[in-house]
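Structure data follow from final24.txt (compact mmCIF, C-alpha atoms):
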```txt
# COMPACT_ATOMS: atom_id res chain seq x y z
CA MET A 1 -111.20 117.65 -20.32
CA SER A 2 -108.79 119.90 -18.44
CA GLU A 3 -107.79 118.76 -14.98
CA ILE A 4 -104.94 118.88 -12.49
CA ILE A 5 -104.19 115.86 -10.30
CA PHE A 6 -101.64 115.98 -7.50
CA GLU A 7 -100.59 112.96 -5.47
CA SER A 8 -98.53 112.78 -2.25
CA LEU A 9 -97.10 116.18 -3.11
CA THR A 10 -94.16 116.98 -0.83
CA ARG A 11 -91.66 119.82 -0.88
CA TRP A 12 -88.71 120.46 1.37
CA TYR A 13 -85.74 122.77 1.19
CA GLY A 14 -82.20 122.05 2.35
CA GLU A 15 -80.95 118.79 3.81
CA HIS A 16 -79.22 119.36 7.15
CA PRO A 17 -81.63 120.25 8.55
CA ARG A 18 -84.42 119.58 6.06
CA ARG A 19 -87.18 122.21 6.15
CA LEU A 20 -90.47 120.54 5.24
CA VAL A 21 -92.93 122.98 3.66
CA LEU A 22 -95.53 120.69 2.07
CA ASP A 23 -96.20 117.17 3.35
CA GLY A 24 -98.00 114.54 1.24
CA VAL A 25 -100.82 116.63 -0.23
CA SER A 26 -103.20 114.98 -2.72
CA GLY A 27 -106.23 116.22 -4.63
CA LYS A 28 -107.90 116.91 -7.96
CA ILE A 29 -108.99 120.11 -9.68
CA THR A 30 -111.46 119.76 -12.53
CA ASP A 31 -112.31 121.91 -15.50
CA GLY A 32 -113.89 125.30 -14.76
CA GLN A 33 -113.64 125.19 -10.97
CA PHE A 34 -112.85 128.15 -8.73
CA VAL A 35 -110.51 126.64 -6.14
CA VAL A 36 -109.49 128.65 -3.08
CA VAL A 37 -106.42 127.66 -1.05
CA ILE A 38 -106.36 129.08 2.48
CA GLY A 39 -104.09 128.78 5.49
CA ARG A 40 -101.87 130.81 7.77
CA SER A 41 -98.69 132.48 6.55
CA GLY A 42 -96.01 129.85 6.11
CA SER A 43 -98.50 126.98 5.95
CA GLY A 44 -97.40 125.92 2.44
CA LYS A 45 -100.26 127.26 0.35
CA SER A 46 -98.11 129.35 -2.03
CA THR A 47 -95.72 126.40 -2.38
CA LEU A 48 -98.68 124.25 -3.44
CA LEU A 49 -99.72 126.84 -6.01
CA ASN A 50 -96.19 127.05 -7.43
CA LEU A 51 -95.98 123.27 -7.72
CA LEU A 52 -99.34 123.01 -9.48
CA GLY A 53 -98.31 125.73 -11.92
CA GLY A 54 -94.94 124.17 -12.69
CA LEU A 55 -93.02 127.07 -11.16
CA ASP A 56 -91.40 124.75 -8.62
CA THR A 57 -90.48 121.06 -8.56
CA PRO A 58 -91.73 118.63 -5.89
CA SER A 59 -89.26 116.78 -3.69
CA GLN A 60 -91.64 113.80 -3.79
CA GLY A 61 -95.00 113.07 -5.36
CA LEU A 62 -96.34 114.22 -8.69
CA VAL A 63 -98.44 116.80 -10.49
CA LYS A 64 -100.36 115.83 -13.64
CA VAL A 65 -101.77 118.55 -15.88
CA ASP A 66 -104.14 117.26 -18.56
CA GLY A 67 -102.80 113.75 -17.93
CA VAL A 68 -99.11 114.64 -18.26
CA ASP A 69 -96.73 114.28 -15.30
CA LEU A 70 -94.84 117.59 -15.08
CA ALA A 71 -91.72 115.72 -13.92
CA THR A 72 -91.46 114.04 -17.34
CA MET A 73 -91.27 117.38 -19.17
CA ASN A 74 -87.98 119.12 -19.97
CA ASP A 75 -87.55 122.84 -19.32
CA GLY A 76 -88.60 123.82 -22.82
CA ALA A 77 -91.79 121.76 -22.76
CA LEU A 78 -92.67 123.00 -19.28
CA THR A 79 -92.15 126.62 -20.32
CA ALA A 80 -94.36 126.06 -23.36
CA LEU A 81 -97.08 124.51 -21.19
CA ARG A 82 -97.07 127.47 -18.80
CA ARG A 83 -97.04 129.96 -21.66
CA ARG A 84 -99.93 128.39 -23.57
CA ARG A 85 -102.14 126.74 -20.96
CA MET A 86 -101.61 128.90 -17.88
CA GLY A 87 -101.94 132.49 -16.71
CA PHE A 88 -100.49 133.90 -13.49
CA VAL A 89 -101.59 136.79 -11.27
CA PHE A 90 -99.32 137.77 -8.40
CA GLN A 91 -99.66 140.03 -5.38
CA SER A 92 -96.98 142.39 -6.75
CA TYR A 93 -98.63 142.82 -10.20
CA ASN A 94 -95.34 142.06 -12.07
CA LEU A 95 -96.12 144.38 -14.97
CA ILE A 96 -93.07 145.25 -17.08
CA PRO A 97 -92.40 148.91 -16.19
CA THR A 98 -90.73 149.76 -19.52
CA LEU A 99 -93.75 148.60 -21.53
CA SER A 100 -97.01 150.46 -21.95
CA VAL A 101 -100.26 148.93 -20.75
CA ALA A 102 -101.04 147.77 -24.29
CA ASP A 103 -97.58 146.26 -24.78
CA ASN A 104 -97.85 144.38 -21.47
CA LEU A 105 -101.04 142.81 -22.83
CA ARG A 106 -99.51 142.10 -26.24
CA LEU A 107 -96.63 140.12 -24.74
CA PRO A 108 -98.46 136.80 -24.11
CA LEU A 109 -100.08 137.06 -27.54
CA GLN A 110 -96.69 137.51 -29.20
CA LEU A 111 -95.11 134.68 -27.19
CA ASN A 112 -97.90 132.34 -28.29
CA GLY A 113 -98.05 133.48 -31.89
CA ILE A 114 -101.64 134.71 -31.51
CA ALA A 115 -102.89 137.45 -33.83
CA GLU A 116 -103.68 140.56 -31.84
CA GLY A 117 -106.77 141.71 -33.72
CA ASN A 118 -108.87 143.70 -31.28
CA LYS A 119 -107.88 141.63 -28.26
CA VAL A 120 -106.00 144.39 -26.42
CA SER A 121 -108.83 146.91 -26.64
CA GLU A 122 -111.42 144.22 -25.86
CA TRP A 123 -109.61 143.11 -22.71
CA LEU A 124 -108.99 146.65 -21.52
CA ALA A 125 -112.73 147.18 -21.83
CA ARG A 126 -113.43 144.00 -19.84
CA VAL A 127 -111.33 145.28 -16.94
CA ASP A 128 -112.77 148.82 -17.29
CA LEU A 129 -109.53 150.46 -18.44
CA GLN A 130 -110.58 151.77 -21.83
CA GLY A 131 -108.33 154.52 -23.13
CA ARG A 132 -105.40 153.60 -20.88
CA GLU A 133 -103.47 151.57 -23.42
CA HIS A 134 -100.69 154.18 -23.80
CA ASP A 135 -100.18 154.67 -20.04
CA TRP A 136 -97.15 153.30 -18.23
CA PRO A 137 -97.63 150.99 -15.24
CA ASP A 138 -96.41 153.65 -12.79
CA GLN A 139 -99.21 155.94 -13.98
CA LEU A 140 -101.80 153.47 -12.69
CA SER A 141 -103.11 152.91 -9.19
CA GLY A 142 -102.53 149.55 -7.49
CA GLY A 143 -106.02 148.38 -8.33
CA GLU A 144 -105.61 149.44 -11.96
CA GLN A 145 -102.27 147.65 -12.24
CA GLN A 146 -103.83 144.47 -10.91
CA ARG A 147 -106.65 144.72 -13.44
CA VAL A 148 -104.05 145.00 -16.21
CA ALA A 149 -102.29 141.97 -14.74
CA ILE A 150 -105.57 140.03 -14.84
CA ALA A 151 -106.15 141.00 -18.47
CA ARG A 152 -102.60 139.94 -19.31
CA ALA A 153 -103.13 136.57 -17.59
CA LEU A 154 -106.35 135.88 -19.48
CA ILE A 155 -105.83 137.48 -22.90
CA HIS A 156 -104.32 134.34 -24.50
CA GLU A 157 -107.26 132.25 -23.20
CA PRO A 158 -105.39 129.79 -20.95
CA ALA A 159 -107.15 126.85 -19.33
CA TYR A 160 -105.75 127.59 -15.86
CA ILE A 161 -105.36 130.82 -13.91
CA PHE A 162 -103.11 130.79 -10.83
CA ALA A 163 -103.58 133.76 -8.49
CA ASP A 164 -101.28 134.15 -5.48
CA GLU A 165 -102.69 136.66 -2.98
CA PRO A 166 -103.91 138.92 -5.82
CA THR A 167 -105.57 141.32 -3.37
CA GLY A 168 -102.76 141.43 -0.81
CA ASN A 169 -101.57 144.95 -1.73
CA LEU A 170 -105.02 146.47 -2.18
CA ASP A 171 -107.53 148.23 0.04
CA LEU A 172 -110.80 146.48 0.84
CA ALA A 173 -112.84 148.09 -1.94
CA ASN A 174 -110.29 147.30 -4.63
CA ALA A 175 -109.72 143.82 -3.20
CA GLU A 176 -113.40 142.97 -3.49
CA ARG A 177 -113.50 144.34 -7.02
CA ILE A 178 -110.48 142.26 -8.09
CA VAL A 179 -111.95 139.04 -6.65
CA GLN A 180 -115.31 139.61 -8.35
CA LEU A 181 -113.55 140.45 -11.61
CA LEU A 182 -111.42 137.30 -11.58
CA ASP A 183 -114.41 135.16 -10.65
CA SER A 184 -116.70 136.58 -13.36
CA LEU A 185 -114.08 136.57 -16.13
CA CYS A 186 -113.01 132.99 -15.44
CA ARG A 187 -116.53 131.63 -15.02
CA SER A 188 -117.81 133.31 -18.18
CA ALA A 189 -115.04 131.64 -20.19
CA GLY A 190 -115.04 128.32 -18.32
CA ARG A 191 -111.48 128.82 -17.03
CA THR A 192 -110.14 127.04 -13.96
CA LEU A 193 -109.14 129.56 -11.27
CA ILE A 194 -106.86 128.54 -8.40
CA MET A 195 -106.40 131.30 -5.82
CA VAL A 196 -104.28 131.50 -2.69
CA THR A 197 -105.70 134.06 -0.29
CA HIS A 198 -106.07 135.20 3.30
CA ALA A 199 -109.34 136.96 2.49
CA PRO A 200 -112.27 135.17 4.18
CA GLU A 201 -114.84 136.78 1.89
CA VAL A 202 -113.44 134.78 -1.05
CA VAL A 203 -114.30 131.43 0.54
CA GLY A 204 -118.00 131.71 -0.29
CA LEU A 205 -117.24 131.97 -4.01
CA ALA A 206 -115.23 128.76 -4.15
CA ASP A 207 -116.34 125.53 -5.80
CA GLN A 208 -113.59 123.77 -3.86
CA LEU A 209 -111.83 124.90 -0.69
CA LEU A 210 -108.38 123.55 0.19
CA THR A 211 -107.26 124.30 3.75
CA ILE A 212 -103.52 123.90 4.38
CA ARG A 213 -102.16 123.69 7.92
CA GLU A 214 -98.45 123.17 8.63
CA GLY A 215 -97.89 121.70 5.18
CA ARG A 216 -100.80 119.27 5.25
CA LEU A 217 -104.17 119.35 3.56
CA VAL A 218 -106.54 119.27 6.51
CA GLU A 219 -109.72 119.94 4.61
CA ALA A 220 -110.85 119.67 1.00
CA GLU A 221 -114.41 120.85 0.71
CA GLY A 222 -116.64 121.25 -2.32
CA HIS A 223 -119.53 123.69 -2.57
```
Output the structure of this file as C-alpha cells.
Amino acid sequence: MSEIIFESLTRWYGEHPRRLVLDGVSGKITDGQFVVVIGRSGSGKSTLLNLLGGLDTPSQGLVKVDGVDLATMNDGALTALRRRRMGFVFQSYNLIPTLSVADNLRLPLQLNGIAEGNKVSEWLARVDLQGREHDWPDQLSGGEQQRVAIARALIHEPAYIFADEPTGNLDLANAERIVQLLDSLCRSAGRTLIMVTHAPEVVGLADQLLTIREGRLVEAEGH
C-alpha cells in the first residue's frame, strides 16, 4: 500500500539568524487520497510539499515514502524514486520550450524505460488536446500548457502527484477546469494527489485538508 508518513518535520534556512519555515509538522497520507494544503503566503505549505516530494531536505524530522525514510537514500536513489513514483505539476507549467507537446510527454516515458505505444495520443485525448502533438509550448494558452503539464505528470502512472499552486497563473474558468481535471484523472486511476493552493473552491474536493499557519499544522481534517 502506498503511503507517505511525515514526523516532526522541520525546515529552517540560515543559522545567524535562523529562519524557521516549517515547525514540527506530522501527518499521514494514504493511498488514493486527494490532500489539499492551504495557508497564507509564506506559511510553509510549499516547503511541506517540497519535503514530501523529496525536492528539499528537512532540517529535522523525517519523511517516509512507502516505508522508506528519504534521508537514507542517496541522490541517485532519490532521483529514481521521484522519476518512477512521483509526478509534479507547478504553477509555471515548466514545459521544455524546445520540445514539442508530444516530446514533452515522451520524456518521462523515456526516462523510465516505458514503451510509448499509444500513450502520448491517449493522454492528449484525456486532457482534450487531440491534434496538438506537434505544437510548441509557446503556441498554447496558459490553460493548455497546464493541461500538457498534467498529462506529462501522469503519463508514466506514478503513485503520487504533487501540485504546487497549479491554477495560480490561470483565470477562474481555466482554474476550475484544471482542478476538476486533476481530481478526475487521479481518482479514476487511484493516484494520490497532494495540492498546495489558495483556491477555496478546492477545499470541498479534498479527502484530507492540511491547514498550515506560520509553519505549524493547525488543522488536519478528513472528509
I need the residue nearest Ser92 (chain A) from this list: A:Cys186, A:Ala163, A:Val21, A:Ala199. Use only C-alpha atoms for the distance.
A:Ala163
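For the pair CA of Gln145 (chain A) and CA of Gln180 (chain A), the separation is 15.8 Å.
Picture a line from CA of Leu52 (chain A) to CA of Leu185 (chain A); it runs 21.1 Å.
Our summary of the geometry notes that CA of Val127 (chain A) is positioned 10.2 Å from CA of Arg177 (chain A).
Closest approach to Leu140 (chain A) from the set A:Ser100, A:Ser26, A:Asn74, A:Asn118 is made by A:Ser100, with distances taken over only C-alpha atoms.
For Leu81 (chain A), the set of protein, DNA and RNA residues having any atom at most 10 Å away, when counting all atoms listed in the file and skipping those fewer than 6 positions along the same chain, is A:Gly53, A:Gly54, A:Val65, A:Leu70, A:Met73, A:Asp75, A:Pro158.
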Taking the point (-89.4, 110.4, -4.6) as given in the file, collect each protein or nucleic acid residue that comes within 12 Å of it, counting all atoms listed in the file, and present the set as a PyMOL selection string.
chain A and resi 7-12+24+57-62+71
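Residue nearest Ala149 (chain A) within the list A:Val89, A:Asp103, A:Glu15, A:Trp136: A:Val89 [criterion: smallest interatomic distance, all atoms listed in the file].
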With all atoms listed in the file as the atoms that count, which of A:Gly67, A:Ile5, A:Gly32, A:Ser41 lies nearest to Ser184 (chain A)?
A:Gly32
Is there a way to complete region 47-64 of chain A with N, CA and C atoms and then write that out as a JSON list (two decimals), in the coordinates of the input?
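See result19.json below for the written result:
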```json
[["chain", "number", "residue", "atom", "x", "y", "z"],
["A", 47, "THR", "N", -96.55, 127.50, -1.85],
["A", 47, "THR", "CA", -95.72, 126.40, -2.38],
["A", 47, "THR", "C", -96.58, 125.45, -3.19],
["A", 48, "LEU", "N", -97.77, 125.12, -2.69],
["A", 48, "LEU", "CA", -98.68, 124.25, -3.44],
["A", 48, "LEU", "C", -99.03, 124.88, -4.78],
["A", 49, "LEU", "N", -99.36, 126.16, -4.78],
["A", 49, "LEU", "CA", -99.72, 126.84, -6.01],
["A", 49, "LEU", "C", -98.57, 126.80, -7.02],
["A", 50, "ASN", "N", -97.35, 127.06, -6.54],
["A", 50, "ASN", "CA", -96.19, 127.05, -7.43],
["A", 50, "ASN", "C", -95.92, 125.67, -8.01],
["A", 51, "LEU", "N", -96.16, 124.63, -7.22],
["A", 51, "LEU", "CA", -95.98, 123.27, -7.72],
["A", 51, "LEU", "C", -97.03, 122.92, -8.77],
["A", 52, "LEU", "N", -98.28, 123.30, -8.53],
["A", 52, "LEU", "CA", -99.34, 123.01, -9.48],
["A", 52, "LEU", "C", -99.13, 123.75, -10.79],
["A", 53, "GLY", "N", -98.55, 124.94, -10.72],
["A", 53, "GLY", "CA", -98.31, 125.73, -11.92],
["A", 53, "GLY", "C", -96.97, 125.47, -12.58],
["A", 54, "GLY", "N", -96.22, 124.51, -12.08],
["A", 54, "GLY", "CA", -94.94, 124.17, -12.69],
["A", 54, "GLY", "C", -93.86, 125.20, -12.47],
["A", 55, "LEU", "N", -94.04, 126.08, -11.47],
["A", 55, "LEU", "CA", -93.02, 127.07, -11.16],
["A", 55, "LEU", "C", -91.99, 126.52, -10.18],
["A", 56, "ASP", "N", -92.30, 125.41, -9.56],
["A", 56, "ASP", "CA", -91.40, 124.75, -8.62],
["A", 56, "ASP", "C", -91.50, 123.24, -8.86],
["A", 57, "THR", "N", -90.54, 122.51, -8.35],
["A", 57, "THR", "CA", -90.48, 121.06, -8.56],
["A", 57, "THR", "C", -90.66, 120.33, -7.23],
["A", 58, "PRO", "N", -91.54, 119.34, -7.16],
["A", 58, "PRO", "CA", -91.73, 118.63, -5.89],
["A", 58, "PRO", "C", -90.51, 117.81, -5.50],
["A", 59, "SER", "N", -90.30, 117.68, -4.19],
["A", 59, "SER", "CA", -89.26, 116.78, -3.69],
["A", 59, "SER", "C", -89.72, 115.33, -3.79],
["A", 60, "GLN", "N", -91.00, 115.10, -3.60],
["A", 60, "GLN", "CA", -91.64, 113.80, -3.79],
["A", 60, "GLN", "C", -93.05, 114.03, -4.30],
["A", 61, "GLY", "N", -93.64, 112.96, -4.86],
["A", 61, "GLY", "CA", -95.00, 113.07, -5.36],
["A", 61, "GLY", "C", -95.03, 113.59, -6.78],
["A", 62, "LEU", "N", -96.23, 113.81, -7.30],
["A", 62, "LEU", "CA", -96.34, 114.22, -8.69],
["A", 62, "LEU", "C", -97.51, 115.18, -8.90],
["A", 63, "VAL", "N", -97.38, 115.92, -10.00],
["A", 63, "VAL", "CA", -98.44, 116.80, -10.49],
["A", 63, "VAL", "C", -98.70, 116.42, -11.94],
["A", 64, "LYS", "N", -99.96, 116.11, -12.26],
["A", 64, "LYS", "CA", -100.36, 115.83, -13.64],
["A", 64, "LYS", "C", -101.29, 116.93, -14.12]]
```
